[in-house]
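As provided, data_21.tsv (TSV, C-alpha atoms) reads as follows.
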chain	number	residue	atom	x	y	z
Q	1	MET	CA	45.14	114.62	54.99
Q	2	SER	CA	42.65	112.45	53.14
Q	3	SER	CA	41.29	115.43	51.16
Q	4	GLU	CA	44.74	116.15	49.77
Q	5	ALA	CA	45.23	112.56	48.80
Q	6	THR	CA	41.91	112.25	46.97
Q	7	GLY	CA	42.30	115.41	44.92
Q	8	SER	CA	40.22	118.54	44.61
Q	9	SER	CA	36.71	117.16	44.36
Q	10	ILE	CA	34.83	118.19	47.49
Q	11	SER	CA	32.25	115.45	47.09
Q	12	THR	CA	34.87	112.73	47.56
Q	13	GLN	CA	36.38	114.26	50.71
Q	14	LYS	CA	36.10	112.19	53.84
Q	15	VAL	CA	35.43	114.50	56.73
Q	16	SER	CA	35.93	112.74	60.02
Q	17	HIS	CA	33.58	113.99	62.72
Q	18	PRO	CA	34.59	113.21	66.27
Q	19	VAL	CA	32.36	110.49	67.69
Q	20	ARG	CA	30.27	111.95	70.45
Q	21	ALA	CA	30.97	110.18	73.71
Q	22	PRO	CA	27.96	108.78	75.55
Q	23	TRP	CA	26.59	110.98	78.35
Q	24	TYR	CA	27.94	108.73	81.11
Q	25	PHE	CA	31.51	109.46	79.99
Q	26	ASN	CA	31.03	113.19	80.61
Q	27	ASP	CA	34.21	114.45	82.27
Q	28	TYR	CA	32.40	116.19	85.13
Q	29	LEU	CA	30.14	113.22	85.82
Q	30	VAL	CA	33.13	110.86	85.93
Q	31	LEU	CA	34.95	113.28	88.23
Q	32	ALA	CA	31.92	113.24	90.55
Q	33	LEU	CA	31.80	109.42	90.51
Q	34	ARG	CA	35.51	109.29	91.29
Q	35	LEU	CA	35.12	111.66	94.23
Q	36	VAL	CA	32.17	109.73	95.67
Q	37	LEU	CA	33.96	106.37	95.40
Q	38	ALA	CA	37.20	107.82	96.76
Q	39	ALA	CA	35.47	109.44	99.75
Q	40	VAL	CA	33.51	106.31	100.66
Q	41	PHE	CA	36.42	103.90	100.36
Q	42	ILE	CA	39.01	106.12	102.05
Q	43	TYR	CA	36.64	106.66	104.98
Q	44	ALA	CA	35.83	102.94	105.17
Q	45	ALA	CA	39.53	102.04	105.01
Q	46	LEU	CA	40.43	104.41	107.85
Q	47	GLN	CA	37.76	102.78	110.04
Q	48	LYS	CA	39.38	99.38	109.55
Q	49	ILE	CA	43.12	100.04	109.39
Q	50	GLY	CA	44.85	98.96	112.60
Q	51	ARG	CA	41.94	96.74	113.76
Q	52	PRO	CA	42.64	93.50	111.87
Q	53	LEU	CA	41.17	91.25	114.55
Q	54	ALA	CA	37.84	93.11	114.57
Q	55	PHE	CA	37.72	93.22	110.78
Q	56	ALA	CA	38.54	89.49	110.57
Q	57	ASP	CA	35.57	88.78	112.82
Q	58	GLU	CA	33.32	90.89	110.61
Q	59	ILE	CA	34.48	89.02	107.50
Q	60	ARG	CA	34.00	85.72	109.33
Q	61	MET	CA	30.30	86.55	109.74
Q	62	TYR	CA	29.90	86.04	105.98
Q	63	ARG	CA	31.00	82.44	106.37
Q	64	ILE	CA	32.56	82.40	102.92
Q	65	LEU	CA	36.20	83.09	103.70
Q	66	ASP	CA	36.98	81.27	106.90
Q	67	ILE	CA	40.00	79.53	105.43
Q	68	GLY	CA	42.83	79.84	107.94
Q	69	PRO	CA	45.40	82.50	107.02
Q	70	LEU	CA	43.41	83.81	104.04
Q	71	LEU	CA	40.91	85.44	106.37
Q	72	TYR	CA	43.65	87.23	108.33
Q	73	ILE	CA	45.61	88.24	105.21
Q	74	MET	CA	42.40	89.78	103.87
Q	75	ALA	CA	41.75	91.55	107.19
Q	76	ILE	CA	45.26	93.03	107.18
Q	77	ALA	CA	45.52	93.97	103.50
Q	78	LEU	CA	42.03	94.90	102.28
Q	79	PRO	CA	41.70	98.21	104.18
Q	80	TRP	CA	45.07	99.38	102.83
Q	81	ILE	CA	44.20	98.33	99.28
Q	82	GLU	CA	40.95	100.30	99.62
Q	83	LEU	CA	42.91	103.30	100.87
Q	84	PHE	CA	45.40	103.24	97.99
Q	85	CYS	CA	42.65	102.73	95.41
Q	86	GLY	CA	40.70	105.63	96.92
Q	87	LEU	CA	43.77	107.87	96.70
Q	88	SER	CA	44.33	106.70	93.14
Q	89	LEU	CA	40.79	107.76	92.14
Q	90	LEU	CA	41.33	111.09	93.85
Q	91	THR	CA	44.61	111.85	92.09
Q	92	GLY	CA	44.12	110.00	88.84
Q	93	LEU	CA	47.35	108.01	89.24
Q	94	LEU	CA	46.94	104.34	88.22
Q	95	MET	CA	43.23	105.12	87.99
Q	96	ARG	CA	42.24	102.44	85.51
Q	97	GLY	CA	43.76	99.87	87.84
Q	98	SER	CA	41.90	101.15	90.90
Q	99	ALA	CA	38.65	101.25	88.89
Q	100	LEU	CA	39.22	97.59	87.97
Q	101	ILE	CA	39.86	96.68	91.62
Q	102	PHE	CA	36.73	98.52	92.80
Q	103	PHE	CA	34.72	96.88	90.03
Q	104	VAL	CA	35.79	93.39	91.13
Q	105	LEU	CA	35.53	94.22	94.86
Q	106	ASN	CA	32.00	95.58	94.56
Q	107	ALA	CA	30.93	92.54	92.55
Q	108	VAL	CA	32.30	90.32	95.34
Q	109	PHE	CA	30.63	92.50	98.03
Q	110	LEU	CA	27.31	92.25	96.18
Q	111	VAL	CA	27.43	88.46	96.06
Q	112	ALA	CA	28.60	88.23	99.69
Q	113	VAL	CA	25.83	90.53	100.96
Q	114	LEU	CA	23.24	88.60	98.91
Q	115	ILE	CA	24.39	85.27	100.38
Q	116	ARG	CA	24.40	86.65	103.92
Q	117	THR	CA	20.99	88.27	103.47
Q	118	ALA	CA	19.55	84.98	102.24
Q	119	GLY	CA	21.15	83.23	105.22
Q	120	ILE	CA	19.67	85.68	107.74
Q	121	MET	CA	16.23	85.45	106.07
Q	122	GLY	CA	16.37	81.64	106.39
Q	123	GLU	CA	17.68	81.59	109.97
Q	124	GLU	CA	15.40	84.26	111.39
Q	125	GLY	CA	12.39	83.69	109.12
Q	126	ILE	CA	12.12	87.38	108.21
Q	127	GLY	CA	11.43	89.17	104.95
Q	128	PHE	CA	14.04	90.69	102.65
Q	129	MET	CA	13.23	94.28	103.62
Q	130	SER	CA	13.64	93.54	107.35
Q	131	VAL	CA	17.18	92.15	107.16
Q	132	TYR	CA	19.39	94.47	109.17
Q	133	PHE	CA	23.03	93.76	109.97
Q	134	ASP	CA	26.53	95.18	110.32
Q	135	CYS	CA	28.15	94.50	106.97
Q	136	GLY	CA	31.63	95.10	108.34
Q	137	CYS	CA	32.12	97.87	105.80
Q	138	GLY	CA	33.09	100.51	108.35
Q	139	PHE	CA	29.72	102.27	108.39
Q	140	GLY	CA	27.93	100.31	111.11
Q	141	ALA	CA	24.65	98.37	110.86
Q	142	THR	CA	22.26	98.99	107.99
Q	143	HIS	CA	19.37	97.40	106.09
Q	144	ALA	CA	20.53	94.79	103.57
Q	145	TRP	CA	18.51	96.35	100.74
Q	146	LYS	CA	20.25	99.68	101.25
Q	147	LYS	CA	23.64	97.98	101.22
Q	148	LEU	CA	22.75	96.11	98.04
Q	149	LEU	CA	21.64	99.33	96.35
Q	150	GLU	CA	24.81	101.07	97.46
Q	151	ASP	CA	27.07	98.25	96.25
Q	152	SER	CA	25.22	98.14	92.91
Q	153	ALA	CA	25.74	101.88	92.47
Q	154	PHE	CA	29.46	101.61	93.31
Q	155	PHE	CA	29.74	98.66	90.93
Q	156	LEU	CA	28.32	100.80	88.10
Q	157	PHE	CA	30.41	103.85	89.04
Q	158	SER	CA	33.62	101.83	88.86
Q	159	LEU	CA	32.55	100.27	85.57
Q	160	VAL	CA	32.01	103.72	84.01
Q	161	ILE	CA	35.42	104.91	85.24
Q	162	LEU	CA	37.05	101.70	84.03
Q	163	LEU	CA	35.60	101.96	80.52
Q	164	LYS	CA	36.04	105.70	79.96
Q	165	PRO	CA	38.52	106.10	77.08
Q	166	ASP	CA	40.21	109.32	78.25
Q	167	TYR	CA	40.57	110.80	81.69
Q	168	ARG	CA	40.60	114.44	82.67
Q	169	PHE	CA	41.35	116.08	86.01
Q	170	VAL	CA	44.26	113.78	86.74
Q	171	LEU	CA	47.71	114.41	88.15
Q	172	ASN	CA	49.47	112.58	85.29
Q	173	LYS	CA	51.09	115.10	82.96
Q	174	SER	CA	49.87	113.47	79.79
Q	175	ARG	CA	46.12	113.47	80.04
Q	176	ARG	CA	45.90	110.56	77.76
Q	177	SER	CA	44.83	107.09	78.43
Q	178	PRO	CA	45.88	104.45	79.13
D	1	MET	CA	42.66	95.64	74.60
D	2	ASN	CA	45.47	98.01	75.49
D	3	ARG	CA	43.24	99.64	78.06
D	4	LEU	CA	42.41	96.30	79.67
D	5	LYS	CA	46.07	95.33	79.80
D	6	SER	CA	46.92	98.67	81.36
D	7	ALA	CA	44.08	98.28	83.90
D	8	VAL	CA	45.30	94.83	84.91
D	9	LEU	CA	48.93	95.96	85.26
D	10	GLN	CA	47.93	99.01	87.30
D	11	ALA	CA	45.65	96.88	89.49
D	12	ILE	CA	48.50	94.44	90.18
D	13	THR	CA	50.75	97.38	91.11
D	14	LEU	CA	48.14	98.75	93.53
D	15	LEU	CA	47.54	95.31	95.06
D	16	LEU	CA	51.27	94.77	95.58
D	17	VAL	CA	51.76	98.20	97.14
D	18	GLY	CA	48.73	97.59	99.37
D	19	LEU	CA	50.02	94.18	100.46
D	20	ILE	CA	53.55	95.42	101.22
D	21	VAL	CA	52.42	98.51	103.16
D	22	SER	CA	49.71	96.63	105.07
D	23	PHE	CA	52.06	93.87	106.19
D	24	ALA	CA	54.75	96.39	107.13
D	25	HIS	CA	52.20	98.32	109.20
D	26	ASN	CA	50.85	95.11	110.71
D	27	SER	CA	54.29	94.07	111.89
D	28	TYR	CA	54.78	97.37	113.75
D	29	SER	CA	51.23	97.93	115.02
D	30	VAL	CA	50.47	96.86	118.59
D	31	ASN	CA	47.20	95.44	117.27
D	32	GLY	CA	48.98	93.57	114.49
D	33	ILE	CA	48.17	89.88	114.10
D	34	ASN	CA	50.02	86.88	112.80
D	35	PRO	CA	48.06	85.78	109.71
D	36	PHE	CA	49.18	82.23	110.29
D	37	ARG	CA	48.00	82.23	113.89
D	38	GLU	CA	46.05	79.25	114.99
D	39	VAL	CA	43.06	79.87	117.16
D	40	ALA	CA	43.10	77.40	119.99
D	41	GLU	CA	40.39	74.81	119.98
D	42	VAL	CA	39.68	75.12	123.66
D	43	PRO	CA	37.02	72.88	125.12
D	44	VAL	CA	34.16	74.84	126.65
D	45	LEU	CA	33.20	73.08	129.87
D	46	THR	CA	29.93	73.45	131.69
D	47	GLU	CA	31.27	72.28	135.05
D	48	PRO	CA	31.97	75.60	136.82
D	49	GLU	CA	34.47	74.27	139.37
D	50	PHE	CA	38.06	74.04	138.21
D	51	ASP	CA	39.25	70.44	138.52
D	52	GLY	CA	42.54	70.69	136.66
D	53	THR	CA	40.97	69.89	133.26
D	54	ASP	CA	42.00	72.27	130.52
D	55	GLY	CA	39.27	74.42	129.07
D	56	ILE	CA	37.02	77.41	129.48
D	57	ARG	CA	34.30	77.06	132.07
D	58	ILE	CA	30.92	78.71	131.83
D	59	ILE	CA	29.66	80.27	135.04
D	60	ASP	CA	26.48	82.04	136.07
D	61	LEU	CA	25.88	85.07	138.27
D	62	GLY	CA	26.16	83.10	141.53
D	63	GLY	CA	29.42	81.51	140.36
D	64	LEU	CA	30.80	84.89	139.37
D	65	GLU	CA	30.09	86.45	142.77
D	66	LYS	CA	31.55	83.47	144.63
D	67	ALA	CA	34.72	83.39	142.52
D	68	PHE	CA	35.17	87.15	142.72
D	69	ALA	CA	34.80	87.05	146.51
D	70	GLU	CA	37.55	84.41	146.53
D	71	GLY	CA	39.90	86.75	144.67
D	72	ALA	CA	39.28	85.94	141.01
D	73	LEU	CA	40.30	88.44	138.36
D	74	LEU	CA	37.39	89.93	136.42
D	75	ILE	CA	37.88	91.11	132.84
D	76	ASP	CA	35.46	93.15	130.72
D	77	ALA	CA	35.96	92.28	127.02
D	78	ARG	CA	33.80	95.12	125.64
D	79	THR	CA	34.92	98.43	124.18
D	80	LYS	CA	36.37	101.30	126.18
D	81	THR	CA	33.24	103.42	125.60
D	82	GLU	CA	30.93	100.67	126.87
D	83	TYR	CA	33.20	100.08	129.83
D	84	LYS	CA	33.22	103.75	130.75
D	85	GLU	CA	29.43	103.91	130.61
D	86	GLY	CA	29.25	101.17	133.21
D	87	HIS	CA	30.82	97.85	134.17
D	88	ILE	CA	30.77	95.24	136.89
D	89	PRO	CA	32.57	96.70	139.93
D	90	GLY	CA	36.20	95.65	140.08
D	91	ALA	CA	36.48	94.56	136.44
D	92	PHE	CA	39.51	95.39	134.31
D	93	LEU	CA	39.05	96.41	130.70
D	94	ILE	CA	40.64	94.43	127.87
D	95	ASP	CA	38.94	95.42	124.62
D	96	TYR	CA	39.13	92.20	122.63
D	97	TYR	CA	39.53	94.12	119.37
D	98	GLU	CA	42.49	96.10	120.65
D	99	LEU	CA	44.02	93.13	122.34
D	100	GLY	CA	47.62	93.97	121.50
D	101	ARG	CA	47.55	97.36	123.18
D	102	TYR	CA	45.83	96.14	126.35
D	103	LEU	CA	47.90	93.01	126.75
D	104	LYS	CA	51.12	94.97	126.36
D	105	GLU	CA	50.12	97.11	129.34
D	106	LEU	CA	48.25	94.59	131.46
D	107	LEU	CA	49.81	91.21	130.82
D	108	PRO	CA	52.96	91.71	132.91
D	109	THR	CA	50.76	92.56	135.90
D	110	LEU	CA	48.48	89.54	135.58
D	111	ASP	CA	49.00	86.10	137.07
D	112	PRO	CA	48.08	83.37	134.54
D	113	ALA	CA	47.45	80.87	137.31
D	114	ARG	CA	44.86	83.08	138.98
D	115	ARG	CA	41.19	82.32	138.35
D	116	THR	CA	40.13	84.67	135.58
D	117	ILE	CA	36.56	85.50	134.60
D	118	VAL	CA	35.74	87.19	131.31
D	119	TYR	CA	32.43	88.74	130.28
D	120	CYS	CA	31.09	90.86	127.44
D	121	TYR	CA	27.71	92.43	126.73
D	122	GLY	CA	25.38	89.50	127.10
D	123	PRO	CA	24.66	85.89	126.23
D	124	ASP	CA	24.67	86.60	122.47
D	125	CYS	CA	28.12	88.18	122.24
D	126	GLU	CA	31.12	85.98	121.55
D	127	ASP	CA	33.87	88.38	122.54
D	128	ALA	CA	34.27	87.01	126.08
D	129	GLU	CA	34.84	83.52	124.76
D	130	LEU	CA	37.18	84.77	122.03
D	131	LEU	CA	39.20	86.74	124.58
D	132	ALA	CA	39.28	83.72	126.89
D	133	ARG	CA	40.75	81.68	124.02
D	134	GLU	CA	43.46	84.28	123.47
D	135	LEU	CA	44.26	84.22	127.20
D	136	TYR	CA	44.35	80.42	127.08
D	137	MET	CA	46.98	80.64	124.35
D	138	LEU	CA	48.95	83.02	126.57
D	139	GLY	CA	49.09	80.43	129.30
D	140	PHE	CA	46.08	81.26	131.48
D	141	THR	CA	44.84	78.00	132.95
D	142	ASP	CA	41.82	78.73	135.17
D	143	LEU	CA	39.53	80.53	132.73
D	144	HIS	CA	35.83	81.19	133.16
D	145	VAL	CA	33.28	82.97	130.99
D	146	TYR	CA	30.31	84.68	132.60
D	147	ARG	CA	27.91	84.13	129.74
D	148	GLY	CA	25.08	86.28	131.09
D	149	GLY	CA	27.44	89.23	130.76
D	150	TYR	CA	26.84	92.84	131.64
D	151	GLU	CA	23.18	92.62	130.60
D	152	ASP	CA	22.47	89.84	133.12
D	153	TRP	CA	24.32	91.73	135.86
D	154	VAL	CA	22.26	94.90	135.29
D	155	ASP	CA	18.99	92.94	134.97
D	156	SER	CA	19.65	91.35	138.36
D	157	GLY	CA	19.57	94.84	139.90
D	158	ARG	CA	23.18	94.86	141.07
D	159	THR	CA	25.18	98.05	141.22
D	160	ILE	CA	27.53	99.07	138.46
D	161	GLU	CA	30.69	101.07	138.42
D	162	GLY	CA	31.24	103.75	135.81
D	163	GLY	CA	33.46	106.63	134.80
D	164	LEU	CA	36.69	104.79	135.57
D	165	ASP	CA	39.42	104.66	132.97
D	166	GLN	CA	41.72	101.67	133.15
Rewritten as structure tokens:
Amino acid sequence: MSSEATGSSISTQKVSHPVRAPWYFNDYLVLALRLVLAAVFIYAALQKIGRPLAFADEIRMYRILDIGPLLYIMAIALPWIELFCGLSLLTGLLMRGSALIFFVLNAVFLVAVLIRTAGIMGEEGIGFMSVYFDCGCGFGATHAWKKLLEDSAFFLFSLVILLKPDYRFVLNKSRRSP
Amino acid sequence: MNRLKSAVLQAITLLLVGLIVSFAHNSYSVNGINPFREVAEVPVLTEPEFDGTDGIRIIDLGGLEKAFAEGALLIDARTKTEYKEGHIPGAFLIDYYELGRYLKELLPTLDPARRTIVYCYGPDCEDAELLARELYMLGFTDLHVYRGGYEDWVDSGRTIEGGLDQ
């Protein structure tokens, strides 16, 4: 359109080249990140759904959310929210919203695991690499450093999905975003 | 900016759907809990003999055997798998984390006035005390916790019972 408006001179034409998206927004990479996050969180959710009392006790271990009903509301609702967000990443429906939730959740998990790790190190007088506990994530006991690495990776995965301008491989008919 | 707005709106939608479905499921599930439940602040008493004072008493191996011989009810608060692998002879299983299901089946058959002893894995686990608190809220009055738990029982060389499914 601009070439017609500016006349016949080729030298004055503005040719707009599409901006090349950074490598981390590659459609196949983002699809892989979605599938990994969806698989992990759907599995974790299914381990916790229907066991609110057990999950409440696991959250209580963190000693940061022992505020009456809030703890139980979290124990009831969080597994279902994880399940719906996992399904959203799988299907592409409301995906930017689920990416935002996973981004915030993983940031909170990171801080919580760091605080608990520091607490265990202080109480038991052991080094960072030796801290081993059940994080209450639905995957049993693990080393704190592994959990921190995992949460950091999930945090980055959800950030990439959240910031990607356009989505592909989604169930929405219009493959446009938002 | 549009993308951020859309992300926030979608996140709110997902959170609302999650909240509604989870609370609906919780109200139907046998393991559902009341989020506004108050956990009883039950005094934990070290005097093993019941003297009418309200609270949960801590007993040792000798106290457990004596009480059991006198007809006390013994409850294993561990998981079904652990129970099946081995438990103190005569103990009933009430998995603390699936309380709703077990209480629905067992509660009508239990006498709250009967001396009741609860144990879990060992001295470091809290599940026996947590289960005792739940039973206290259900009206059980003569509650004891065998703090040594299954570990102490096995270490003392006593026989175990296994393979039974309650």
Chain Q contacts to chain D at 9 Å (all atoms listed in the file) as a ChimeraX atom specification: /Q:49-55,68-73,75-85,88,94-101,162-163,165,177-178
Six-sided padding of 6 Å per side, axis-aligned box over stretch 38-43 of chain Q, centre and edges in Å, one decimal, as AutoDock Vina command-line options:
--center_x 36.3 --center_y 106.7 --center_z 100.9 --size_x 17.5 --size_y 17.5 --size_z 20.2
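Put simply, atom CA of Q:Ser158 is 26.4 Å away from atom CA of Q:Val131.
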Closest-contact table, stretch 58-152 of chain Q side, partner stretch 30-35 of chain Q, 9 Å, counting all atoms listed in the file, as JSON lines:
{"residue": "Q:Gly86", "atom": "CA", "partner": "Q:Arg34", "partner_atom": "CA", "distance": 8.5}
{"residue": "Q:Leu89", "atom": "CA", "partner": "Q:Arg34", "partner_atom": "CA", "distance": 5.6}
{"residue": "Q:Leu90", "atom": "CA", "partner": "Q:Leu35", "partner_atom": "CA", "distance": 6.2}
{"residue": "Q:Gly92", "atom": "CA", "partner": "Q:Arg34", "partner_atom": "CA", "distance": 9.0}
{"residue": "Q:Ala99", "atom": "CA", "partner": "Q:Arg34", "partner_atom": "CA", "distance": 9.0}
Can you write out the residues you just picked, keeping C-alpha atoms, as a compact mmCIF listing (two decimals), keeping the file's coordinate frame?
# COMPACT_ATOMS: atom_id res chain seq x y z
CA GLY Q 86 40.70 105.63 96.92
CA LEU Q 89 40.79 107.76 92.14
CA LEU Q 90 41.33 111.09 93.85
CA GLY Q 92 44.12 110.00 88.84
CA ALA Q 99 38.65 101.25 88.89
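Residues surrounding Q:Gln47 within 8 Å are Tyr43, Ala44 and Gly138 of chain Q [all atoms listed in the file; sequence separation below 3 positions excluded].
Closest to D:Asp76 among D:Asp124, D:Glu105, D:Glu129, D:Glu47 is D:Glu129, based on all atoms listed in the file.
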Between atom CA of D:Gly162 and atom CA of D:Ala91, distance in Å (one decimal): 10.6 Å
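Close contacts of D:Thr46, defined as residues with an atom at most 8 Å away when counting only C-alpha atoms, with chain neighbours fewer than 6 positions off set aside, comprise Arg57, Ile58 and Ile59 of chain D.
Coordinates place atom CA of D:Ile88 at a distance of 12.1 Å from atom CA of D:Gly148.
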Selection near stretch 146-150 of chain Q, 12 Å with all atoms listed in the file, sequence-local residues under 3 positions removed, as a PyMOL selection string: chain Q and resi 36-37+40+106-117+128-137+139-143+153-157
Residue among D:Asp142, D:Glu151, D:Asp111, D:Asp60 lying closest to D:Cys125, counting all atoms listed in the file: D:Glu151
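With distances restricted to all atoms listed in the file, D:Ile56 is the closest residue to D:Val44 from D:Met137, D:Asp95, D:Arg114, D:Ile56.
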What's around D:Arg133 at 9 Å? Count all atoms listed in the file, leave out sequence neighbours fewer than 2 positions away in its own chain, and write the answer as an mmCIF file with C-alpha atoms, in the coordinates of the input.
data_model
loop_
_atom_site.group_PDB
_atom_site.id
_atom_site.type_symbol
_atom_site.label_atom_id
_atom_site.label_comp_id
_atom_site.auth_asym_id
_atom_site.auth_seq_id
_atom_site.Cartn_x
_atom_site.Cartn_y
_atom_site.Cartn_z
ATOM 1 C CA VAL D 39 43.060 79.870 117.160
ATOM 2 C CA ALA D 40 43.100 77.400 119.990
ATOM 3 C CA GLU D 41 40.390 74.810 119.980
ATOM 4 C CA VAL D 42 39.680 75.120 123.660
ATOM 5 C CA GLY D 55 39.270 74.420 129.070
ATOM 6 C CA ILE D 56 37.020 77.410 129.480
ATOM 7 C CA ALA D 128 34.270 87.010 126.080
ATOM 8 C CA GLU D 129 34.840 83.520 124.760
ATOM 9 C CA LEU D 130 37.180 84.770 122.030
ATOM 10 C CA LEU D 131 39.200 86.740 124.580
ATOM 11 C CA LEU D 135 44.260 84.220 127.200
ATOM 12 C CA TYR D 136 44.350 80.420 127.080
ATOM 13 C CA MET D 137 46.980 80.640 124.350
ATOM 14 C CA LEU D 138 48.950 83.020 126.570
ATOM 15 C CA LEU D 143 39.530 80.530 132.730
#
